[in-house]
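Dumped entry.pdb below, it's PDB, C-alpha atoms:
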ATOM      1  CA  LEU A 122     -31.865   0.011  18.510  1.00  0.00           C
ATOM      2  CA  HIS A 123     -32.436   1.423  15.015  1.00  0.00           C
ATOM      3  CA  LYS A 124     -29.515   3.875  15.384  1.00  0.00           C
ATOM      4  CA  HIS A 125     -27.248   1.050  16.605  1.00  0.00           C
ATOM      5  CA  ARG A 126     -28.120  -1.077  13.550  1.00  0.00           C
ATOM      6  CA  ASP A 127     -27.475   1.864  11.206  1.00  0.00           C
ATOM      7  CA  ARG A 128     -24.047   2.407  12.794  1.00  0.00           C
ATOM      8  CA  GLU A 129     -23.301  -1.307  12.500  1.00  0.00           C
ATOM      9  CA  LEU A 130     -24.228  -1.339   8.801  1.00  0.00           C
ATOM     10  CA  MET A 131     -22.093   1.742   8.136  1.00  0.00           C
ATOM     11  CA  ALA A 132     -19.145   0.161   9.954  1.00  0.00           C
ATOM     12  CA  THR A 133     -19.330  -2.858   7.666  1.00  0.00           C
ATOM     13  CA  ARG A 134     -19.389  -0.723   4.511  1.00  0.00           C
ATOM     14  CA  ALA A 135     -15.615  -0.450   4.470  1.00  0.00           C
ATOM     15  CA  PRO A 136     -12.983  -2.547   2.707  1.00  0.00           C
ATOM     16  CA  GLU A 137     -10.932  -2.940   5.877  1.00  0.00           C
ATOM     17  CA  ARG A 138     -13.776  -4.945   7.443  1.00  0.00           C
ATOM     18  CA  LEU A 139     -13.619  -7.349   4.492  1.00  0.00           C
ATOM     19  CA  LEU A 140      -9.834  -7.565   4.853  1.00  0.00           C
ATOM     20  CA  ALA A 141     -10.127  -8.365   8.570  1.00  0.00           C
ATOM     21  CA  ASP A 142     -12.747 -11.021   7.841  1.00  0.00           C
ATOM     22  CA  GLU A 143     -10.521 -12.532   5.147  1.00  0.00           C
ATOM     23  CA  LEU A 144      -7.635 -12.794   7.635  1.00  0.00           C
ATOM     24  CA  LYS A 145      -9.878 -14.358  10.290  1.00  0.00           C
ATOM     25  CA  ASN A 146     -11.315 -16.866   7.826  1.00  0.00           C
ATOM     26  CA  ALA A 147      -8.229 -17.826   5.804  1.00  0.00           C
ATOM     27  CA  PRO A 148      -7.363 -21.274   7.221  1.00  0.00           C
ATOM     28  CA  ALA A 149      -3.582 -20.782   7.084  1.00  0.00           C
ATOM     29  CA  VAL A 150      -3.791 -17.441   8.939  1.00  0.00           C
ATOM     30  CA  ALA A 151      -6.491 -18.586  11.375  1.00  0.00           C
ATOM     31  CA  GLU A 152      -4.308 -21.554  12.331  1.00  0.00           C
ATOM     32  CA  LEU A 153      -1.740 -19.113  13.760  1.00  0.00           C
ATOM     33  CA  VAL A 154      -3.841 -16.237  15.137  1.00  0.00           C
ATOM     34  CA  ALA A 155      -7.145 -17.947  16.026  1.00  0.00           C
ATOM     35  CA  GLY A 156      -9.212 -14.818  15.410  1.00  0.00           C
ATOM     36  CA  ARG A 157      -6.775 -12.354  17.035  1.00  0.00           C
ATOM     37  CA  VAL A 158      -7.216  -9.726  14.300  1.00  0.00           C
ATOM     38  CA  TYR A 159      -7.887  -6.248  15.723  1.00  0.00           C
ATOM     39  CA  PRO A 160      -8.614  -2.791  14.321  1.00  0.00           C
ATOM     40  CA  VAL A 161      -5.919  -0.203  15.093  1.00  0.00           C
ATOM     41  CA  ILE A 162      -4.844  -1.514  18.532  1.00  0.00           C
ATOM     42  CA  ALA A 163      -4.941  -4.910  20.206  1.00  0.00           C
ATOM     43  CA  PRO A 164      -6.126  -5.410  23.771  1.00  0.00           C
ATOM     44  CA  ALA A 165      -3.295  -5.507  26.319  1.00  0.00           C
ATOM     45  CA  SER A 166      -4.305  -9.084  27.098  1.00  0.00           C
ATOM     46  CA  ALA A 167      -3.956 -10.289  23.473  1.00  0.00           C
ATOM     47  CA  ALA A 168      -1.847 -13.423  23.136  1.00  0.00           C
ATOM     48  CA  LEU A 169       0.871 -13.608  20.488  1.00  0.00           C
ATOM     49  CA  PRO A 170       0.806 -13.880  17.558  1.00  0.00           C
ATOM     50  CA  PHE A 171      -1.795 -11.305  16.550  1.00  0.00           C
ATOM     51  CA  ILE A 172      -2.623  -8.867  13.760  1.00  0.00           C
ATOM     52  CA  ASN A 173      -3.635  -5.192  13.760  1.00  0.00           C
ATOM     53  CA  TRP A 174      -5.045  -3.412  10.724  1.00  0.00           C
ATOM     54  CA  ARG A 175      -5.827   0.202   9.998  1.00  0.00           C
ATOM     55  CA  ARG A 176      -6.761   2.523   7.198  1.00  0.00           C
ATOM     56  CA  SER A 177      -3.866   4.860   6.428  1.00  0.00           C
ATOM     57  CA  ALA A 178      -5.206   6.717   3.383  1.00  0.00           C
ATOM     58  CA  VAL A 179      -8.105   6.987   0.944  1.00  0.00           C
ATOM     59  CA  GLN A 180      -7.868   8.389  -2.538  1.00  0.00           C
ATOM     60  CA  ARG A 181     -10.998   9.380  -4.441  1.00  0.00           C
ATOM     61  CA  GLU A 182     -10.744  10.710  -7.963  1.00  0.00           C
ATOM     62  CA  GLN A 183     -12.627  13.967  -8.446  1.00  0.00           C
ATOM     63  CA  THR A 184     -14.134  15.717 -11.428  1.00  0.00           C
ATOM     64  CA  LEU A 185     -15.816  19.109 -11.615  1.00  0.00           C
ATOM     65  CA  SER A 186     -19.141  17.344 -11.090  1.00  0.00           C
ATOM     66  CA  GLY A 187     -17.985  15.312  -8.057  1.00  0.00           C
ATOM     67  CA  PRO A 188     -16.409  11.937  -7.268  1.00  0.00           C
ATOM     68  CA  ALA A 189     -15.592   9.626 -10.191  1.00  0.00           C
ATOM     69  CA  GLY A 190     -14.483   6.035 -10.451  1.00  0.00           C
ATOM     70  CA  HIS A 191     -13.698   3.741  -7.563  1.00  0.00           C
ATOM     71  CA  PRO A 192     -11.971   4.839  -4.352  1.00  0.00           C
ATOM     72  CA  THR A 193      -8.634   3.315  -3.414  1.00  0.00           C
ATOM     73  CA  VAL A 194      -7.884   2.750   0.253  1.00  0.00           C
ATOM     74  CA  THR A 195      -4.414   2.088   1.632  1.00  0.00           C
ATOM     75  CA  LEU A 196      -4.475  -0.388   4.503  1.00  0.00           C
ATOM     76  CA  GLN A 197      -1.668  -1.232   6.858  1.00  0.00           C
ATOM     77  CA  VAL A 198      -1.515  -4.705   8.383  1.00  0.00           C
ATOM     78  CA  ASP A 199       0.849  -5.179  11.337  1.00  0.00           C
ATOM     79  CA  MET A 200       1.742  -8.667  12.559  1.00  0.00           C
ATOM     80  CA  TYR A 201       3.436  -9.532  15.860  1.00  0.00           C
ATOM     81  CA  ALA A 202       5.030 -12.740  17.157  1.00  0.00           C
ATOM     82  CA  GLU A 203       7.584 -13.839  19.745  1.00  0.00           C
ATOM     83  CA  THR A 204      10.145 -14.992  17.160  1.00  0.00           C
ATOM     84  CA  TYR A 205      11.359 -13.663  13.842  1.00  0.00           C
ATOM     85  CA  GLU A 206      10.583 -16.993  12.188  1.00  0.00           C
ATOM     86  CA  GLY A 207       7.067 -16.892  13.651  1.00  0.00           C
ATOM     87  CA  VAL A 208       6.294 -13.406  12.391  1.00  0.00           C
ATOM     88  CA  ARG A 209       7.750 -14.170   8.947  1.00  0.00           C
ATOM     89  CA  GLU A 210       5.546 -17.280   8.705  1.00  0.00           C
ATOM     90  CA  LEU A 211       2.503 -15.210   9.653  1.00  0.00           C
ATOM     91  CA  ALA A 212       3.450 -12.480   7.163  1.00  0.00           C
ATOM     92  CA  ASP A 213       3.826 -15.008   4.343  1.00  0.00           C
ATOM     93  CA  ARG A 214       0.422 -16.503   5.128  1.00  0.00           C
ATOM     94  CA  CYS A 215      -1.192 -13.045   5.216  1.00  0.00           C
ATOM     95  CA  ARG A 216       0.401 -12.127   1.887  1.00  0.00           C
ATOM     96  CA  LEU A 217      -0.895 -15.327   0.283  1.00  0.00           C
ATOM     97  CA  ALA A 218      -4.403 -14.590   1.607  1.00  0.00           C
ATOM     98  CA  LEU A 219      -4.527 -10.898   0.666  1.00  0.00           C
ATOM     99  CA  ASP A 220      -2.343 -10.181  -2.370  1.00  0.00           C
ATOM    100  CA  GLY A 221      -4.738 -10.291  -5.308  1.00  0.00           C
ATOM    101  CA  TRP A 222      -7.750 -10.755  -3.015  1.00  0.00           C
ATOM    102  CA  GLY A 223     -11.239  -9.443  -3.689  1.00  0.00           C
ATOM    103  CA  GLY A 224     -14.700 -10.049  -2.359  1.00  0.00           C
ATOM    104  CA  SER A 225     -18.030  -8.560  -1.448  1.00  0.00           C
ATOM    105  CA  LEU A 226     -20.087  -7.891   1.638  1.00  0.00           C
ATOM    106  CA  GLY A 227     -23.744  -8.453   0.897  1.00  0.00           C
ATOM    107  CA  ASN A 228     -25.160  -5.643  -1.184  1.00  0.00           C
ATOM    108  CA  TRP A 229     -22.986  -2.979   0.452  1.00  0.00           C
ATOM    109  CA  ILE A 230     -19.440  -3.134  -0.853  1.00  0.00           C
ATOM    110  CA  THR A 231     -17.261  -4.944  -3.374  1.00  0.00           C
ATOM    111  CA  VAL A 232     -13.479  -5.107  -3.263  1.00  0.00           C
ATOM    112  CA  SER A 233     -12.252  -5.306  -6.838  1.00  0.00           C
ATOM    113  CA  HIS A 234      -8.623  -5.973  -6.040  1.00  0.00           C
ATOM    114  CA  GLY A 235      -6.151  -5.840  -3.160  1.00  0.00           C
ATOM    115  CA  SER A 236      -2.419  -5.523  -3.882  1.00  0.00           C
ATOM    116  CA  LEU A 237       0.583  -5.732  -1.596  1.00  0.00           C
ATOM    117  CA  ILE A 238       2.679  -2.609  -2.206  1.00  0.00           C
ATOM    118  CA  GLY A 239       5.209  -2.839   0.622  1.00  0.00           C
ATOM    119  CA  GLU A 240       6.507  -4.899   3.509  1.00  0.00           C
ATOM    120  CA  SER A 241       9.009  -4.251   6.288  1.00  0.00           C
ATOM    121  CA  ASP A 242      10.372  -6.140   9.302  1.00  0.00           C
ATOM    122  CA  GLY A 243      10.822  -4.678  12.743  1.00  0.00           C
ATOM    123  CA  PHE A 244      10.454  -5.129  16.473  1.00  0.00           C
ATOM    124  CA  VAL A 245       8.430  -3.313  19.100  1.00  0.00           C
ATOM    125  CA  SER A 246       7.905  -3.204  22.840  1.00  0.00           C
ATOM    126  CA  LEU A 247       4.312  -3.993  23.726  1.00  0.00           C
ATOM    127  CA  ALA A 248       2.421  -3.073  26.896  1.00  0.00           C
ATOM    128  CA  GLY A 249       4.422   0.066  27.573  1.00  0.00           C
ATOM    129  CA  GLY A 250       7.749  -1.729  27.550  1.00  0.00           C
ATOM    130  CA  ASP A 251       6.886  -4.080  30.446  1.00  0.00           C
ATOM    131  CA  LEU A 252       7.427  -7.137  28.252  1.00  0.00           C
ATOM    132  CA  PRO A 253      10.403  -8.156  26.108  1.00  0.00           C
ATOM    133  CA  PRO A 254      10.353  -6.774  22.544  1.00  0.00           C
ATOM    134  CA  VAL A 255       8.484  -8.783  19.920  1.00  0.00           C
ATOM    135  CA  TYR A 256       9.106  -9.128  16.212  1.00  0.00           C
ATOM    136  CA  SER A 257       6.831  -7.398  13.739  1.00  0.00           C
ATOM    137  CA  VAL A 258       6.105  -7.221  10.043  1.00  0.00           C
ATOM    138  CA  THR A 259       4.161  -4.388   8.456  1.00  0.00           C
ATOM    139  CA  GLN A 260       2.482  -4.961   5.114  1.00  0.00           C
ATOM    140  CA  THR A 261       0.819  -2.190   3.133  1.00  0.00           C
ATOM    141  CA  TYR A 262      -1.985  -2.927   0.691  1.00  0.00           C
ATOM    142  CA  THR A 263      -3.905  -0.803  -1.762  1.00  0.00           C
ATOM    143  CA  VAL A 264      -7.497  -1.865  -2.179  1.00  0.00           C
ATOM    144  CA  LEU A 265      -9.734  -0.794  -5.058  1.00  0.00           C
ATOM    145  CA  TRP A 266     -13.341  -0.891  -3.861  1.00  0.00           C
ATOM    146  CA  GLN A 267     -16.845   0.105  -4.773  1.00  0.00           C
ATOM    147  CA  GLU A 268     -19.751   1.125  -2.574  1.00  0.00           C
ATOM    148  CA  ILE A 269     -22.959  -0.330  -3.938  1.00  0.00           C
TER
END
Spit out the file's structure as structure tokens when you get a sec.
Amino acid sequence: LHKHRDRELMATRAPERLLADELKNAPAVAELVAGRVYPVIAPASAALPFINWRRSAVQREQTLSGPAGHPTVTLQVDMYAETYEGVRELADRCRLALDGWGGSLGNWITVSHGSLIGESDGFVSLAGGDLPPVYSVTQTYTVLWQEI
């Protein structure tokens, strides 16, 4: 039990967990996805629309004596919907919730600032191509954070 709790605490000490929570709790986003915000890959049974997020890079400044300053993580947020208009609406709501966002998680982590640095439209085949293609938007954010 103690090891499980330690793993759980470590899992929450990451800015992507705060980002996912922000998406789940932002009323405008929650209205469309109803909590369907998943790390890396969504379950095959996930209803549309939904959101995936993942860490794509971390940059930590280094000095001769070790790490310095605050780390910056690059997070990718992928949104999927049945229509182009639907995915664009979801993307706009996510951007409004996350661009300029910051927050904290207890005494563990503080996000100083999240910034949208890129966005692209696309389409994908889900479930191994068994279903018709769906529309997607990928947003990339840089997040300046601090472990406490």
Subject >> Selection result of the PyMOL selection byres ((chain A and resi 257-259) around 12) on this file, as a PyMOL selection string >> reply: chain A and resi 169-175+196-216+237-247+254-256+260-262
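Rounded to one decimal, atom CA of A:Tyr159 and atom CA of A:Ala218 lie 16.8 Å from each other.
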Original post:
Rounded to one decimal in Å, what is the spacing between atom CA of A:Leu140 and atom CA of A:Gly223?
Top reply: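 So the answer is 8.9 Å.
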Subject >> Proximity to A:Leu153 - best of A:Ala178, A:Ala168, A:Leu219, A:Leu265, only C-alpha atoms >> reply: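 Ranking A:Ala178, A:Ala168, A:Leu219, A:Leu265 by distance to A:Leu153, first place goes to A:Ala168.
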Original post:
Do you have the atom CA of A:Ala155-atom CA of A:Ala167 distance handy?
Top reply: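 Those two atoms sit 11.1 Å apart.
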